[in-house]
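Structure file start-v1.txt (compact mmCIF, C-alpha atoms) is printed below.
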# COMPACT_ATOMS: atom_id res chain seq x y z
CA MET A 237 304.55 -8.69 66.70
CA ILE A 238 302.09 -11.47 67.43
CA ILE A 239 302.88 -14.55 65.37
CA LEU A 240 300.07 -17.02 64.68
CA MET A 241 301.36 -20.58 64.25
CA GLY A 242 299.53 -23.82 63.59
CA VAL A 243 298.61 -26.35 60.97
CA THR A 244 296.73 -25.11 57.94
CA GLY A 245 293.03 -24.90 58.81
CA ALA A 246 293.59 -24.35 62.53
CA GLY A 247 292.00 -20.90 62.25
CA LYS A 248 295.04 -18.63 62.06
CA SER A 249 293.49 -16.27 59.52
CA THR A 250 290.16 -16.13 61.36
CA GLN A 251 291.92 -15.33 64.62
CA GLY A 252 294.26 -12.89 62.91
CA ARG A 253 291.37 -10.90 61.48
CA LEU A 254 289.46 -10.96 64.79
CA LEU A 255 292.51 -9.85 66.74
CA ALA A 256 293.37 -7.12 64.25
CA ASP A 257 289.80 -5.83 64.24
CA GLN A 258 289.40 -5.88 68.01
CA LYS A 259 292.78 -4.39 68.88
CA GLY A 260 293.28 -2.19 65.80
CA TYR A 261 296.46 -4.05 64.78
CA ALA A 262 297.65 -4.58 61.23
CA TRP A 263 297.04 -8.16 60.04
CA ILE A 264 299.75 -9.50 57.76
CA SER A 265 298.67 -12.74 56.12
CA THR A 266 301.34 -14.23 53.87
CA GLY A 267 298.68 -16.38 52.22
CA GLU A 268 296.69 -13.30 51.21
CA ILE A 269 299.82 -11.42 50.14
CA LEU A 270 301.03 -14.33 48.01
CA ARG A 271 297.63 -14.94 46.40
CA VAL A 272 297.77 -11.32 45.20
CA LEU A 273 301.45 -11.07 44.22
CA ILE A 274 302.38 -14.49 42.81
CA THR A 275 301.47 -15.22 39.19
CA GLY A 276 302.29 -17.62 36.37
CA THR A 277 304.04 -20.94 36.97
CA ARG A 278 304.84 -20.12 40.62
CA ARG A 279 301.14 -19.51 41.24
CA GLN A 280 300.24 -22.90 39.72
CA GLU A 281 302.84 -24.58 41.93
CA MET A 282 301.54 -22.70 44.95
CA LEU A 283 297.97 -23.84 44.23
CA LYS A 284 299.27 -27.43 44.33
CA GLY A 285 300.61 -26.83 47.84
CA LYS A 286 304.25 -26.07 47.02
CA LEU A 287 305.66 -23.36 49.23
CA LEU A 288 307.89 -20.58 47.97
CA SER A 289 311.61 -20.93 48.66
CA ASP A 290 312.98 -19.44 51.85
CA GLU A 291 314.80 -16.77 49.86
CA GLU A 292 311.60 -15.79 48.02
CA MET A 293 309.59 -15.58 51.25
CA ILE A 294 312.26 -13.64 53.12
CA ASN A 295 312.48 -11.12 50.27
CA VAL A 296 308.70 -10.66 50.28
CA MET A 297 308.53 -10.31 54.08
CA ASP A 298 311.49 -7.93 54.23
CA LYS A 299 309.60 -5.59 51.89
CA VAL A 300 306.39 -5.97 53.91
CA PHE A 301 308.19 -5.23 57.19
CA ASP A 302 309.69 -2.08 55.64
CA LEU A 303 306.14 -0.72 55.42
CA ILE A 304 305.44 -1.22 59.14
CA ASP A 305 306.27 1.14 61.98
CA PRO A 306 308.29 -1.02 64.41
CA ASN A 307 306.49 0.65 67.33
CA ASP A 308 303.11 -0.56 66.07
CA GLU A 309 301.80 -3.96 67.08
CA PHE A 310 300.79 -6.30 64.24
CA VAL A 311 299.59 -9.85 63.69
CA LEU A 312 301.72 -12.10 61.50
CA ASP A 313 299.93 -15.07 59.92
CA GLY A 314 301.78 -17.65 57.81
CA PHE A 315 305.40 -16.69 58.44
CA PRO A 316 307.85 -18.16 59.32
CA ARG A 317 307.31 -21.62 57.81
CA SER A 318 310.85 -22.96 57.93
CA ILE A 319 313.93 -22.85 60.15
CA PRO A 320 315.83 -20.47 57.80
CA GLN A 321 312.82 -18.12 57.77
CA LEU A 322 312.65 -18.36 61.56
CA GLN A 323 316.38 -17.62 61.90
CA TRP A 324 315.99 -14.55 59.70
CA LEU A 325 312.96 -13.36 61.70
CA LEU A 326 314.79 -13.86 65.02
CA GLU A 327 317.76 -11.91 63.66
CA GLN A 328 315.39 -9.07 62.73
CA ALA A 329 313.90 -9.14 66.23
CA ASP A 330 317.38 -9.16 67.82
CA LYS A 331 318.25 -6.09 65.73
CA GLY A 332 315.24 -4.27 67.21
CA ARG A 333 313.04 -4.32 64.12
CA PHE A 334 310.05 -5.30 66.34
CA THR A 335 309.24 -4.08 69.84
CA ARG A 336 307.71 -7.34 71.07
CA VAL A 337 307.52 -10.89 69.77
CA LEU A 338 305.12 -13.53 71.03
CA VAL A 339 303.62 -16.64 69.50
CA ILE A 340 300.04 -17.90 69.57
CA TYR A 341 300.16 -21.60 68.70
CA LEU A 342 296.79 -22.95 67.52
CA HIS A 343 296.73 -26.75 67.63
CA ALA A 344 293.94 -29.06 66.46
CA PRO A 345 293.59 -32.65 65.19
CA GLU A 346 294.37 -33.09 61.50
CA SER A 347 291.03 -34.78 60.85
CA LEU A 348 289.21 -31.67 62.12
CA VAL A 349 291.30 -29.20 60.14
CA HIS A 350 291.05 -31.40 57.02
CA ASP A 351 287.26 -31.11 57.20
CA ARG A 352 287.49 -27.34 57.74
CA LEU A 353 289.72 -26.98 54.69
CA ILE A 354 287.44 -29.00 52.44
CA GLN A 355 284.41 -27.00 53.63
CA ARG A 356 285.98 -23.58 53.00
CA GLY A 357 286.31 -24.50 49.31
CA ARG A 358 289.36 -22.51 48.22
CA LEU A 359 291.01 -23.53 44.94
CA ASP A 360 294.25 -24.43 46.72
CA ASP A 361 292.46 -26.75 49.20
CA THR A 362 292.75 -29.97 47.20
CA GLU A 363 293.50 -33.34 48.80
CA GLN A 364 297.01 -33.22 47.32
CA SER A 365 297.77 -29.72 48.59
CA ILE A 366 296.27 -30.41 52.03
CA ASN A 367 298.39 -33.53 52.43
CA GLU A 368 301.47 -31.61 51.28
CA ARG A 369 300.79 -28.86 53.85
CA PHE A 370 300.30 -31.43 56.64
CA LYS A 371 303.62 -33.06 55.76
CA GLU A 372 305.40 -29.70 55.62
CA TYR A 373 303.84 -28.74 58.95
CA HIS A 374 305.13 -31.85 60.74
CA GLU A 375 308.58 -31.82 59.20
CA VAL A 376 309.32 -28.11 59.22
CA THR A 377 306.85 -25.96 61.16
CA MET A 378 306.49 -28.02 64.35
CA PRO A 379 310.21 -27.86 65.23
CA MET A 380 309.99 -24.07 65.11
CA ILE A 381 307.84 -23.94 68.25
CA ASP A 382 310.78 -25.27 70.25
CA ARG A 383 313.14 -22.81 68.56
CA PHE A 384 310.94 -19.89 69.61
CA LYS A 385 311.00 -21.13 73.20
CA GLN A 386 314.78 -21.66 73.10
CA HIS A 387 315.15 -18.06 71.94
CA GLY A 388 313.16 -16.89 74.98
CA ILE A 389 309.98 -16.05 73.09
CA LYS A 390 306.72 -16.79 74.88
CA VAL A 391 304.55 -19.39 73.12
CA HIS A 392 300.87 -19.55 74.11
CA ASN A 393 299.25 -22.93 73.31
CA ILE A 394 295.57 -22.77 72.38
CA ASP A 395 293.21 -25.63 71.56
CA ALA A 396 291.92 -24.72 68.09
CA SER A 397 289.32 -27.49 68.00
CA GLN A 398 286.92 -25.09 69.76
CA ASP A 399 284.65 -22.69 67.91
CA ALA A 400 286.18 -19.43 66.69
CA GLU A 401 284.57 -17.32 69.43
CA ASN A 402 286.00 -19.42 72.27
CA ILE A 403 289.41 -19.56 70.61
CA HIS A 404 289.35 -15.77 70.32
CA LYS A 405 288.45 -15.38 74.01
CA GLU A 406 291.42 -17.56 74.92
CA VAL A 407 293.73 -15.60 72.59
CA MET A 408 292.61 -12.35 74.23
CA GLN A 409 293.17 -13.78 77.73
CA HIS A 410 296.74 -14.66 76.81
CA LEU A 411 297.41 -11.29 75.19
CA ASN A 412 295.93 -9.34 78.06
CA GLY A 413 298.14 -11.33 80.42
CA SER A 414 301.26 -10.54 78.34
CA SER A 415 303.16 -7.35 78.92
CA GLU A 416 303.25 -4.96 75.99
Kindly transcribe the structure held in the file into structure tokens.
Amino acid sequence: MIILMGVTGAGKSTQGRLLADQKGYAWISTGEILRVLITGTRRQEMLKGKLLSDEEMINVMDKVFDLIDPNDEFVLDGFPRSIPQLQWLLEQADKGRFTRVLVIYLHAPESLVHDRLIQRGRLDDTEQSINERFKEYHEVTMPMIDRFKQHGIKVHNIDASQDAENIHKEVMQHLNGSSE
């Protein structure tokens, strides 16, 4: 399992698709899954930048992971997003649900990713939702990088302010240098 981490707009989905296409891996994007599965009031809240509860996300991901052969490599984009989600994922890894876990951490200045988000023009990329995601990222997601390291999981730091092609080259260099 290759986990893509980073602030919204850092290019996780772009890199996830490129990596999946080049290596033949499954690409699991929680954003895409949730945009398809979540409806009604929860969808309206989600469009405003409100994340699903940990319990809701864990239930969704547990079902998604049931569909995956644990011997197959896959790219995970958008999960975990909180410490409880991370703890659950680490427990699953410790139980042998995944053969390998590594993290690709895409970091870029907020001003750059803000501009990227506005330019991509998705309905959920409003000023309010972007600011909410930045806040959530700093308060919740950033501390997870240290937790991965403390758990002995390799975290590869990549400068996501580059263009997508150069970021992808760097991702591939890290993956090719990691044992499978």
Ala344 in chain A surroundings by all atoms listed in the file, 12 Å radius, close-in-sequence under 3 positions cut, as a PyMOL selection string: chain A and resi 241-248+341+347-352+370+393-399+403
Selection near range 292-298 of chain A, 10 Å with only C-alpha atoms, sequence-local residues under 4 positions removed, as a CSV table (one decimal) with C-alpha atoms, in the coordinates of the input:
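Output saved as selection20.csv:
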chain,number,residue,atom,x,y,z
A,264,ILE,CA,299.8,-9.5,57.8
A,266,THR,CA,301.3,-14.2,53.9
A,269,ILE,CA,299.8,-11.4,50.1
A,270,LEU,CA,301.0,-14.3,48.0
A,273,LEU,CA,301.4,-11.1,44.2
A,287,LEU,CA,305.7,-23.4,49.2
A,288,LEU,CA,307.9,-20.6,48.0
A,302,ASP,CA,309.7,-2.1,55.6
A,303,LEU,CA,306.1,-0.7,55.4
A,315,PHE,CA,305.4,-16.7,58.4
A,316,PRO,CA,307.8,-18.2,59.3
A,317,ARG,CA,307.3,-21.6,57.8
A,320,PRO,CA,315.8,-20.5,57.8
A,321,GLN,CA,312.8,-18.1,57.8
A,322,LEU,CA,312.6,-18.4,61.6
A,324,TRP,CA,316.0,-14.6,59.7
A,325,LEU,CA,313.0,-13.4,61.7
A,328,GLN,CA,315.4,-9.1,62.7
Distance of CA of Ile340 in chain A from CA of His392 in chain A, expressed in Å to one decimal place: 4.9 Å
Top pick for closest residue to Lys385 in chain A, considering A:Val339, A:Ile239, A:Tyr373, A:Arg333 and counting only C-alpha atoms: A:Val339
Box centre and edge lengths (Å, one decimal), axis-aligned, range 400-415 of chain A plus 4 Å each side, as AutoDock Vina command-line options:
--center_x 293.9 --center_y -13.5 --center_z 73.6 --size_x 26.6 --size_y 20.2 --size_z 21.7
Separation of CA of Leu255 in chain A from CA of Ile238 in chain A, in Å and rounded to one decimal: 9.7 Å
Separation of CA of Leu342 in chain A from CA of Arg271 in chain A, in Å and rounded to one decimal: 22.6 Å
Among the residues A:Gln409, A:Thr250, A:Ser318, A:Thr362, the one that comes closest to Glu375 in chain A [using only C-alpha atoms]: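 That would be A:Ser318, the residue with the smallest distance to Glu375 in chain A.
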Which residue of A:Arg336, A:His404, A:His374, A:Arg369 approaches Met282 in chain A most closely, using only C-alpha atoms: A:Arg369
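Using only C-alpha atoms, the nearest neighbour of Ile304 in chain A within the list A:Lys371, A:Ile354, A:Ala400, A:Phe334 is A:Phe334.
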Best match for closeness to Pro379 in chain A among A:Leu326, A:Phe301, A:Trp263, A:Ile319, counting only C-alpha atoms: A:Ile319
Selected residue, from A:Thr377, A:Glu327, A:Val391, A:Thr275, that lies nearest to Val407 in chain A when counting only C-alpha atoms: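 Closest candidate: A:Val391.
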